[in-house]
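> Below you'll find input-v9.txt; it's compact mmCIF, C-alpha atoms (C1' of nucleotides).
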```
# COMPACT_ATOMS: atom_id res chain seq x y z
CA MET D 13 72.94 -9.17 0.14
CA ARG D 14 75.62 -10.83 2.17
CA SER D 15 75.85 -14.57 2.67
CA ILE D 16 73.89 -16.67 5.12
CA LEU D 17 77.16 -17.42 6.86
CA PHE D 18 77.71 -13.72 7.42
CA THR D 19 74.28 -13.25 8.95
CA MET D 20 75.13 -15.90 11.53
CA ILE D 21 78.47 -14.32 12.21
CA PHE D 22 76.77 -10.97 12.58
CA SER D 23 74.19 -12.18 15.10
CA ASN D 24 76.70 -14.17 17.09
CA LYS D 25 79.26 -11.40 17.23
CA LEU D 26 76.60 -8.86 18.09
CA ILE D 27 75.24 -10.90 20.96
CA THR D 28 78.74 -11.64 22.20
CA TRP D 29 79.44 -7.92 22.21
CA TYR D 30 76.16 -7.32 24.04
CA LEU D 31 76.82 -9.82 26.79
CA GLU D 32 80.09 -8.05 27.53
CA ASN D 33 78.97 -4.45 27.10
CA LYS D 34 75.25 -4.18 27.80
CA ARG D 35 73.80 -1.51 30.02
CA PHE D 36 71.92 -2.56 33.12
CA LEU D 37 68.50 -0.99 32.79
CA PRO D 38 65.52 -1.57 35.08
CA TRP D 39 63.14 -2.65 32.32
CA ARG D 40 65.54 -5.45 31.42
CA GLU D 41 64.94 -7.13 34.76
CA THR D 42 61.36 -8.05 33.92
CA LYS D 43 59.09 -9.73 31.40
CA ASN D 44 56.13 -7.70 32.63
CA PRO D 45 54.46 -6.29 29.49
CA TYR D 46 53.23 -3.24 31.42
CA ALA D 47 56.72 -2.21 32.50
CA ILE D 48 58.18 -2.96 29.08
CA TRP D 49 55.41 -1.06 27.28
CA LEU D 50 55.92 1.88 29.65
CA SER D 51 59.65 1.94 29.01
CA GLU D 52 59.19 1.76 25.24
CA ILE D 53 56.74 4.66 25.12
CA ILE D 54 59.01 6.77 27.29
CA LEU D 55 62.05 5.95 25.17
CA GLN D 56 60.50 6.95 21.83
CA GLN D 57 62.80 9.64 20.42
CA THR D 58 64.27 9.92 23.89
CA ARG D 59 67.70 9.06 25.27
CA VAL D 60 67.90 6.45 27.99
CA ALA D 61 69.52 8.92 30.38
CA GLN D 62 66.61 11.33 29.96
CA GLY D 63 63.86 8.72 30.15
CA LEU D 64 65.18 6.68 33.07
CA PRO D 65 63.94 8.92 35.91
CA TYR D 66 60.51 9.15 34.26
CA PHE D 67 60.30 5.38 34.02
CA GLU D 68 61.07 5.07 37.74
CA ALA D 69 58.56 7.79 38.60
CA PHE D 70 55.74 6.26 36.57
CA LEU D 71 56.32 2.73 37.82
CA THR D 72 56.50 3.93 41.41
CA THR D 73 53.42 6.13 41.12
CA TYR D 74 51.47 3.64 39.01
CA PRO D 75 52.69 0.09 39.83
CA THR D 76 50.04 -1.53 37.62
CA VAL D 77 48.25 -0.66 34.42
CA LYS D 78 45.05 -0.23 36.41
CA ASP D 79 46.69 2.35 38.68
CA LEU D 80 47.65 4.30 35.58
CA ALA D 81 44.20 3.87 34.05
CA ASP D 82 42.53 5.22 37.18
CA ALA D 83 44.75 8.30 37.45
CA PRO D 84 43.37 11.75 36.58
CA GLU D 85 44.71 12.93 33.24
CA ASP D 86 46.19 16.07 34.83
CA ASP D 87 48.32 13.89 37.10
CA VAL D 88 49.62 11.85 34.18
CA MET D 89 50.44 14.98 32.19
CA ARG D 90 52.20 16.53 35.17
CA LEU D 91 54.32 13.43 35.71
CA TRP D 92 55.25 13.54 32.00
CA GLN D 93 56.13 17.25 32.30
CA GLY D 94 59.51 17.99 30.71
CA LEU D 95 59.77 14.81 28.63
CA GLY D 96 58.26 16.28 25.45
CA TYR D 97 56.06 14.80 22.72
CA TYR D 98 53.06 15.01 25.01
CA SER D 99 50.79 12.99 22.74
CA ARG D 100 52.73 10.04 24.14
CA ALA D 101 51.34 10.78 27.59
CA ARG D 102 47.79 11.15 26.32
CA ASN D 103 48.04 7.91 24.33
CA LEU D 104 49.70 6.19 27.28
CA HIS D 105 46.73 7.05 29.45
CA ALA D 106 44.17 6.04 26.81
CA THR D 107 45.90 2.72 26.25
CA ALA D 108 46.11 2.04 29.98
CA LYS D 109 42.34 2.50 30.22
CA LYS D 110 41.77 0.20 27.28
CA VAL D 111 44.00 -2.54 28.65
CA ALA D 112 42.62 -2.22 32.17
CA TYR D 113 38.94 -2.07 31.30
CA GLU D 114 38.43 -3.54 27.83
CA LEU D 115 41.13 -6.20 27.81
CA ASN D 116 40.77 -7.35 31.42
CA GLY D 117 44.11 -5.91 32.38
CA VAL D 118 46.01 -8.06 29.88
CA PHE D 119 48.17 -6.56 27.16
CA PRO D 120 47.58 -7.84 23.59
CA PRO D 121 49.61 -11.06 23.23
CA ASN D 122 51.38 -10.52 19.92
CA TYR D 123 52.91 -8.01 17.50
CA LYS D 124 49.85 -7.62 15.29
CA GLU D 125 47.44 -6.95 18.12
CA LEU D 126 49.87 -4.68 19.97
CA LEU D 127 49.83 -2.48 16.86
CA THR D 128 46.18 -1.62 17.54
CA LEU D 129 47.09 0.25 20.73
CA LYS D 130 47.30 4.03 20.63
CA GLY D 131 50.88 5.23 20.64
CA VAL D 132 52.21 1.81 19.65
CA GLY D 133 53.67 1.76 16.15
CA GLU D 134 55.82 -0.77 14.32
CA TYR D 135 58.90 -0.21 16.43
CA THR D 136 57.18 -0.34 19.80
CA ALA D 137 55.00 -3.32 18.90
CA ALA D 138 58.10 -5.21 17.78
CA ALA D 139 60.00 -4.24 20.91
CA ILE D 140 57.24 -5.36 23.28
CA ALA D 141 56.47 -8.55 21.35
CA SER D 142 60.11 -9.61 21.19
CA ILE D 143 61.20 -8.56 24.66
CA ALA D 144 58.11 -9.56 26.63
CA TYR D 145 56.85 -12.48 24.54
CA ASP D 146 59.95 -13.69 22.65
CA GLU D 147 58.15 -13.23 19.34
CA VAL D 148 60.55 -13.24 16.39
CA VAL D 149 60.00 -9.77 15.00
CA PRO D 150 62.84 -7.30 14.42
CA VAL D 151 62.88 -3.75 15.74
CA VAL D 152 63.91 -0.96 13.40
CA ASP D 153 64.74 2.23 15.24
CA GLY D 154 67.36 4.92 14.78
CA ASN D 155 70.07 2.63 16.10
CA VAL D 156 69.19 -0.19 13.71
CA PHE D 157 69.19 2.18 10.73
CA ARG D 158 72.64 3.39 11.70
CA VAL D 159 74.24 0.02 12.47
CA LEU D 160 72.89 -1.80 9.43
CA SER D 161 73.43 1.06 6.99
CA ARG D 162 77.07 1.16 8.02
CA VAL D 163 77.83 -2.56 8.23
CA TYR D 164 76.04 -3.23 4.94
CA GLY D 165 76.94 0.04 3.25
CA ILE D 166 73.30 0.89 2.54
CA THR D 167 72.99 4.37 1.06
CA SER D 168 69.20 4.62 0.74
CA ASP D 169 67.48 7.60 2.34
CA ILE D 170 66.28 6.33 5.73
CA SER D 171 63.53 8.93 5.93
CA THR D 172 61.39 7.12 3.36
CA ASN D 173 58.96 4.34 4.11
CA THR D 174 60.39 2.19 1.34
CA THR D 175 63.80 2.19 2.98
CA LYS D 176 62.29 1.33 6.32
CA LYS D 177 60.77 -1.77 4.73
CA GLU D 178 64.18 -2.71 3.32
CA PHE D 179 65.76 -2.48 6.75
CA GLN D 180 62.92 -4.49 8.30
CA ALA D 181 63.47 -7.17 5.69
CA LEU D 182 67.21 -7.21 6.29
CA ALA D 183 66.81 -7.30 10.06
CA ALA D 184 64.35 -10.17 9.66
CA THR D 185 67.11 -12.24 8.03
CA LEU D 186 69.50 -11.45 10.89
CA ILE D 187 67.34 -11.97 13.96
CA PRO D 188 67.87 -15.44 15.48
CA GLN D 189 64.76 -17.57 16.00
CA HIS D 190 65.88 -18.77 19.40
CA ASP D 191 66.49 -15.41 21.09
CA PRO D 192 64.92 -12.40 19.34
CA ALA D 193 64.74 -10.43 22.59
CA THR D 194 68.47 -10.44 23.13
CA PHE D 195 69.22 -9.69 19.48
CA ASN D 196 66.91 -6.68 19.37
CA GLN D 197 68.27 -5.19 22.56
CA ALA D 198 71.81 -5.99 21.47
CA ILE D 199 71.60 -4.13 18.18
CA MET D 200 70.05 -1.10 19.88
CA ASP D 201 72.67 -1.03 22.64
CA PHE D 202 75.38 -1.48 20.04
CA GLY D 203 74.08 1.55 18.17
CA ALA D 204 73.78 3.59 21.34
CA ILE D 205 77.20 2.71 22.80
CA GLN D 206 79.59 1.63 20.05
CA CYS D 207 78.23 2.59 16.64
CA THR D 208 77.22 6.10 17.70
CA PRO D 209 76.09 8.86 15.33
CA LYS D 210 79.18 11.01 15.90
CA SER D 211 82.69 9.61 16.29
CA PRO D 212 81.83 5.94 16.70
CA ASP D 213 84.47 3.73 18.29
CA CYS D 214 85.53 1.93 15.12
CA PRO D 215 89.00 0.80 16.27
CA SER D 216 87.46 -1.48 18.91
CA CYS D 217 84.48 -2.55 16.80
CA PRO D 218 83.98 -6.32 16.33
CA PHE D 219 82.78 -5.66 12.76
CA ILE D 220 85.76 -3.61 11.65
CA LYS D 221 86.69 -6.22 9.03
CA GLU D 222 83.17 -6.64 7.68
CA CYS D 223 81.85 -3.08 7.94
CA VAL D 224 81.37 -1.71 4.42
CA ALA D 225 81.19 1.86 5.69
CA TYR D 226 84.47 1.53 7.56
CA GLN D 227 86.26 -0.19 4.70
CA THR D 228 85.09 2.44 2.21
CA ASN D 229 85.47 5.40 4.55
CA GLN D 230 81.75 6.22 4.65
CA VAL D 231 81.12 5.91 8.38
CA ALA D 232 80.70 9.63 8.85
CA VAL D 233 78.06 9.97 6.11
CA LEU D 234 75.93 6.92 6.95
CA PRO D 235 73.07 6.59 7.44
CA ILE D 236 71.81 8.92 4.72
CA LYS D 237 68.92 11.07 5.89
CA LEU D 238 67.65 13.59 3.38
CA SER D 239 64.52 15.07 4.92
CA LYS D 240 65.20 18.32 6.64
CA VAL D 241 62.55 20.09 8.67
CA LYS D 242 61.81 23.73 8.22
CA VAL D 243 61.58 25.59 11.48
CA LYS D 244 59.08 28.40 11.90
CA LYS D 245 59.56 31.28 14.28
CA ARG D 246 56.77 31.94 16.76
CA TYR D 247 56.29 34.74 19.25
CA LEU D 248 54.51 34.16 22.55
CA ASP D 249 53.65 36.75 25.20
CA PHE D 250 52.46 35.06 28.38
CA ILE D 251 50.40 37.15 30.79
CA ILE D 252 50.84 36.36 34.46
CA PHE D 253 47.85 38.01 36.10
CA ILE D 254 48.15 38.76 39.79
CA ASP D 255 44.96 39.86 41.51
CA LYS D 256 44.57 41.64 44.83
CA ASP D 257 44.69 38.31 46.71
CA GLY D 258 47.87 37.19 44.98
CA ASN D 259 46.05 34.66 42.80
CA THR D 260 46.78 34.13 39.13
CA HIS D 261 44.98 32.54 36.19
CA ILE D 262 45.98 29.61 34.02
CA GLU D 263 44.25 27.83 31.15
CA GLN D 264 44.61 24.49 29.43
CA ARG D 265 45.83 24.13 25.86
CA THR D 266 43.32 22.08 23.90
CA ALA D 267 43.94 22.95 20.25
CA LYS D 268 45.71 20.63 17.83
CA ASP D 269 48.98 22.34 18.43
CA ILE D 270 52.08 22.10 20.55
CA TRP D 271 51.68 21.24 24.24
CA GLN D 272 48.14 19.87 23.93
CA GLN D 273 46.52 19.28 27.36
CA LEU D 274 49.25 21.13 29.21
CA TYR D 275 48.56 24.37 31.08
CA GLN D 276 49.81 27.88 30.44
CA PHE D 277 49.23 31.51 31.33
CA PRO D 278 46.94 33.48 28.98
CA VAL D 279 48.96 34.19 25.88
CA PHE D 280 49.24 36.40 22.82
CA ASP D 281 50.45 34.14 20.06
CA SER D 282 51.84 35.17 16.67
CA PHE D 283 53.99 33.73 13.92
CA THR D 284 55.28 37.18 12.99
CA HIS D 285 55.91 39.41 16.00
CA HIS D 286 55.59 40.03 19.72
CA VAL D 287 52.68 42.08 21.00
CA GLU D 288 53.63 45.71 20.51
CA ASP D 289 51.25 47.35 22.96
CA ILE D 290 50.37 44.98 25.80
CA ASP D 291 48.02 47.45 27.48
CA SER D 292 45.87 47.89 24.36
CA ALA D 293 45.97 44.21 23.56
CA LEU D 294 44.75 43.34 27.04
CA ARG D 295 41.94 45.89 26.94
CA GLU D 296 40.86 44.58 23.56
CA ARG D 297 40.68 41.00 24.77
CA TYR D 298 39.21 41.68 28.22
CA ASP D 299 36.88 44.66 27.92
CA THR D 300 36.40 44.96 31.67
CA LEU D 301 39.76 44.81 33.33
CA TYR D 302 41.12 47.18 35.94
CA ILE D 303 44.86 47.13 35.36
CA LYS D 304 46.99 48.50 38.18
CA GLU D 305 50.40 47.81 36.73
CA ILE D 306 52.11 46.05 33.85
CA LYS D 307 55.64 44.78 34.31
CA GLU D 308 57.82 43.17 31.67
CA LEU D 309 59.59 40.26 33.34
CA THR D 310 61.86 39.32 30.46
CA ALA D 311 64.08 42.07 29.15
CA ASP D 312 65.19 39.78 26.33
CA ALA D 313 62.84 37.19 24.94
CA ILE D 314 63.55 33.62 25.98
CA THR D 315 64.16 31.36 23.00
CA HIS D 316 62.98 27.78 23.11
CA GLN D 317 63.71 25.36 20.29
CA LEU D 318 61.11 22.77 19.33
CA SER D 319 61.45 20.29 16.51
CA HIS D 320 59.47 22.46 14.06
CA GLN D 321 59.28 25.85 15.76
CA LYS D 322 61.64 28.30 17.36
CA LEU D 323 59.76 30.05 20.13
CA HIS D 324 60.49 33.58 21.27
CA ILE D 325 58.86 33.98 24.65
CA LYS D 326 58.16 36.95 26.88
CA PHE D 327 56.49 36.95 30.26
CA TRP D 328 54.46 39.86 31.56
CA CYS D 329 53.19 40.47 35.07
CA VAL D 330 49.84 42.24 35.09
CA GLN D 331 48.46 43.34 38.44
CA ILE D 332 44.69 43.63 38.44
CA GLU D 333 41.73 43.87 40.80
CA ALA D 334 40.39 40.40 40.04
CA THR D 335 41.37 37.70 37.56
CA PRO D 336 39.27 37.70 34.41
CA SER D 337 38.28 34.08 34.90
CA VAL D 338 38.82 31.16 37.27
CA GLN D 339 41.65 31.97 39.61
CA THR D 340 44.43 29.73 40.78
CA SER D 341 46.57 30.26 43.84
CA TRP D 342 50.29 30.46 43.25
CA GLU D 343 50.88 27.46 45.50
CA ASP D 344 48.54 25.30 43.40
CA LEU D 345 50.49 25.79 40.17
CA ASN D 346 52.57 22.70 40.88
CA LYS D 347 49.42 20.62 40.59
CA PHE D 348 49.41 21.18 36.82
CA GLY D 349 51.68 20.17 34.00
CA PHE D 350 53.28 23.05 32.14
CA PRO D 351 55.55 23.19 29.11
CA ILE D 352 59.05 22.99 30.52
CA VAL D 353 59.91 26.53 29.47
CA ILE D 354 56.99 27.87 31.52
CA HIS D 355 57.69 25.55 34.42
CA ASN D 356 61.30 26.69 34.56
CA PHE D 357 60.25 30.31 34.50
CA ILE D 358 57.74 29.81 37.31
CA THR D 359 60.36 28.04 39.37
CA SER D 360 62.80 30.90 38.91
CA LEU D 361 60.21 33.47 39.96
CA ASP D 362 59.72 34.94 43.38
CA LEU D 363 56.11 35.96 43.92
CA LYS D 364 57.08 38.73 46.35
CA THR D 365 59.34 40.43 43.85
CA LEU D 366 56.58 39.96 41.31
CA ILE D 367 54.10 42.14 43.18
CA SER D 368 56.50 44.53 44.89
C1' DA H 27 55.21 10.93 1.04
C1' DA H 28 55.40 14.96 4.15
C1' DT H 29 54.70 17.11 8.21
C1' DA H 30 53.86 17.99 13.22
C1' DC H 31 55.18 16.95 17.61
C1' DG H 32 59.65 18.41 22.94
C1' DG H 33 63.37 18.58 25.27
C1' DG H 34 68.08 17.79 26.17
C1' DG H 35 72.84 16.05 25.46
C1' DA H 36 76.96 15.78 22.65
C1' DA H 37 80.36 17.58 19.39
C1' DT P 17 74.90 25.84 15.94
C1' DT P 18 73.65 21.17 14.36
C1' DC P 19 72.30 16.58 14.97
C1' DC P 20 69.43 13.16 16.75
C1' DC P 21 67.63 10.29 20.30
C1' DA P 22 64.66 2.43 21.86
C1' DG P 23 58.86 6.97 16.76
C1' DT P 24 53.76 7.79 16.05
C1' DA P 25 49.79 10.01 14.16
C1' DT P 26 47.90 12.87 10.87
C1' DT P 27 47.37 14.86 6.48
```
Can the structure in the file be given as structure tokens, please?

Amino acid sequence: MRSILFTMIFSNKLITWYLENKRFLPWRETKNPYAIWLSEIILQQTRVAQGLPYFEAFLTTYPTVKDLADAPEDDVMRLWQGLGYYSRARNLHATAKKVAYELNGVFPPNYKELLTLKGVGEYTAAAIASIAYDEVVPVVDGNVFRVLSRVYGITSDISTNTTKKEFQALAATLIPQHDPATFNQAIMDFGAIQCTPKSPDCPSCPFIKECVAYQTNQVAVLPIKLSKVKVKKRYLDFIIFIDKDGNTHIEQRTAKDIWQQLYQFPVFDSFTHHVEDIDSALRERYDTLYIKEIKELTADAITHQLSHQKLHIKFWCVQIEATPSVQTSWEDLNKFGFPIVIHNFITSLDLKTLIS
DNA sequence: AATACGGGGAA
DNA sequence: TTCCCAGTATT
């Protein structure tokens, strides 16, 4: 452990850097817990540039937590469409309802109670408590792991819970009592702008003299992260039914699986192979189905990379007399949230060429 | 302690 | 391609 003097130098230098280099972000202009909570949920595992337009859209569409609580779930999911990790949207909605109707519209007032909210873990509770309430509790996110592991030369595996506790303890010694909000945002901005994962800007870094990683030439290998995910292949054949009126059929995903609560076209789903004989497969699943024509819309399967699965996706157009279940008009599809890969495909499609 | 869960940007 | 992003919930 470094000296007390160094911890003060670290905090002061960090905040000095922040005041000169910080990004101007809309959620920094407020102490409103609702807006700050919203920004923190959106920014989980998400870059600022990607989350920013979603933050604006949500705050505009739902100016208060009650507006969000009262929204239909389909609307919330659709607004979240494309951002990924959709459990965040479901938890966001559930928490909005709880705050609006069980907590009288008031967010829990401290770190410990914030932790009880769905979708709010240690990082997010610390972020909200420090930024909205000035509670002295350090955030530990990917940026903090990176900055501290480098400056302090910490070589523990950051994917373990034990290491996370070590970093929380270290950060707790660094965070100043008088301005935790600025410190937390400073260390995250520093990690995002200066001490970046790849090719950080060490020559202009204020910690170049103190940084253990820089002095021992370990910047490129820190932080150490050992856990590596294994990615499964998965084969999806989506069936776009078109009936005689030009309507199609969609269904909602409800299983504990990817894309829960989002919509999709009926699908054949396998971890080993694409459907070999679509015609037979369709007749097996829907025993009464008058098929006029089957058209393969994707000569080559579309690949779509998720964190734990690599999807190989084909789309089929199947013209029939009537849809096998509830029908949806093509124009109404934009009322539903789809996985982005489906949404992009729909957008690229021309219905006329589909049925010609 | 491991694993599942999206999508996109950067190198 | 590979990495990883203002992580959380579940097993």
> Residues of chain H that approach chain D to 7 Å or less, counting only C-alpha atoms (C1' of nucleotides): could you list each one with the shortest pair of atoms and its distance in Å to one decimal, rows by chain and increasing residue number, as CSV?

```
residue,atom,partner,partner_atom,distance
H:DC31,C1',D:Tyr97,CA,5.6
H:DG32,C1',D:Gly96,CA,3.6
H:DG33,C1',D:Gly96,CA,5.6
```
> With a distance cut-off of 9 Å and all atoms listed in the file, select the neighbouring residues of DT24 of chain P, excluding the residue or stretch itself and same-chain residues fewer than 3 positions from it, and output the selection as a ChimeraX atom specification.
/D:56,99-100,130-134
> Report as a tab-separated table (two decimals) with C-alpha atoms (C1' of nucleotides), in the frame of the given file the set of chain P residues whose atoms approach chain D to within 8 Å, with distances computed over only C-alpha atoms (C1' of nucleotides).

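Saved file iface31.tsv follows:
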```tsv
chain	number	residue	atom	x	y	z
P	21	DC	C1'	67.63	10.29	20.30
P	22	DA	C1'	64.66	2.43	21.86
P	23	DG	C1'	58.86	6.97	16.76
P	24	DT	C1'	53.76	7.79	16.05
```
> Mind giving me the straight-line distance from atom CA of Ile254 of chain D to atom CA of Gln331 of chain D in Å, one decimal?
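So the answer is 4.8 Å.
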> Which is closer to DG34 of chain H than all the others in D:Gly63, D:Phe179, D:Phe277, D:Val159, using only C-alpha atoms (C1' of nucleotides)?
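Of the candidates, the smallest distance to DG34 of chain H is held by D:Gly63.
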> Separation of atom CA of His355 of chain D and atom CA of Thr340 of chain D, in Å?
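Distance reported for this atom pair: 15.3 Å.
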> What gap, in Å, lies between atom CA of Trp92 of chain D and atom CA of Phe36 of chain D?
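Rounded to one decimal, the two atoms are 23.2 Å apart.
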